[in-house]
Structures are given as C-alpha cells and as structure tokens.
Amino acid sequence: MRKSIKAIVFIFIINFLGGCNSSPKRMVYRQSSGIKEYSIENKEDTIIIYKETFEDARPQIIWKFYKKNDNYYTNDFGERELIMSTFVTSDSLYRNPLKYRAHRIIIKKLNASSFSTSIFMVDVNNYLSLKLFYDKHYKIYSMQNWFSYETYTFD
C-alpha cells in the first residue's frame, strides 16, 4: 500500500514539474474561405480574374470580361451580360437554363471617377460572390469577396 502511495505521489510530482516546463502549443489558423489570393490580368480588351486557394496553388479563372462598346461583358454559354460600365448603372438578374442558379449584377457610380460592380449568387437568399471597385479607365483598384468577417479555422 505504501509503495502505491509513493508511486502516485511520484507520478503527480513528475506531471506537475513537466507541465511547468513545457512550452505552449502553437496552433496555426487559416482562413476558412480557403482563398489565398485573387489576381487580375488585363489583355487588350479582356479582363481575367483568377483565384488561388491554399489547397491548389494553380490559379483558376473565375471571371472573364470582354470589352464591347465601352462596357465590359461576360459571355457565359453564349449569353452576353453587362458586368462593368462607367456610364450605365444597373441592377440586373440573369437566369440561364444551363446554370443551376441565377446571379444578380449591380453596377453603381460611387463618385465622378469611381464605380463598383457587385456580383451576387441567387439561391434562397442573395449572397455577395465578388465586388469590384474600378476607375473610369476600368482599372480595378480593389476587390471584396463574400466574407464580411474573415473566419479562421485551425489545422
């Protein structure tokens, strides 16, 4: 009985002293969106937006805009959709029978030389997929995705 009490006391002391000397564990938190970065490529009359995730280091094209008559359009499945303009403000809902859901595009003039395009996915609710801020020369100076607050999760 005495040996077992000594063993318990010895184990308790070792755990206590070991706990005091151990360094804190470091946990790495990552954005739950998984998006590492966006990039934009301007080619003559085409703007291409890429998305790179933490899981896949290869950038993926998420949007491709084509210039026509001083505006930029998408061309999904042969349907031309106004996506960026410096003189037309709009709020449009696009439905395509080949797509499983619709999307809404809102183009606003912010001031004399700044504009924004908000792209919403329409499901049960509207949620912001991507918002672009650009100048009168269609130079995109800022982007915002659907996270209003960045959420982090640990590995």
# chains A, B, ... in the order shown; residues from 1 in each chain; ligands from 1
$ residues_around --residues "region 42-55 of chain A" --least-positions-apart "2" --cutoff "12 Å" --atoms "only C-alpha atoms" --output "PyMOL selection string"
chain A and resi 30-40+57-75+83-84+130-132+137-140+143+145
$ residues_around --residues "Val124 (chain A)" --least-positions-apart "5" --cutoff "12 Å" --atoms "only C-alpha atoms" --output "JSON, numbers by chain"
{"A": [101, 102, 103]}
$ atom_distance --atom1 "CA of Trp146 (chain A)" --atom2 "CA of Ser116 (chain A)"
14.8 Å
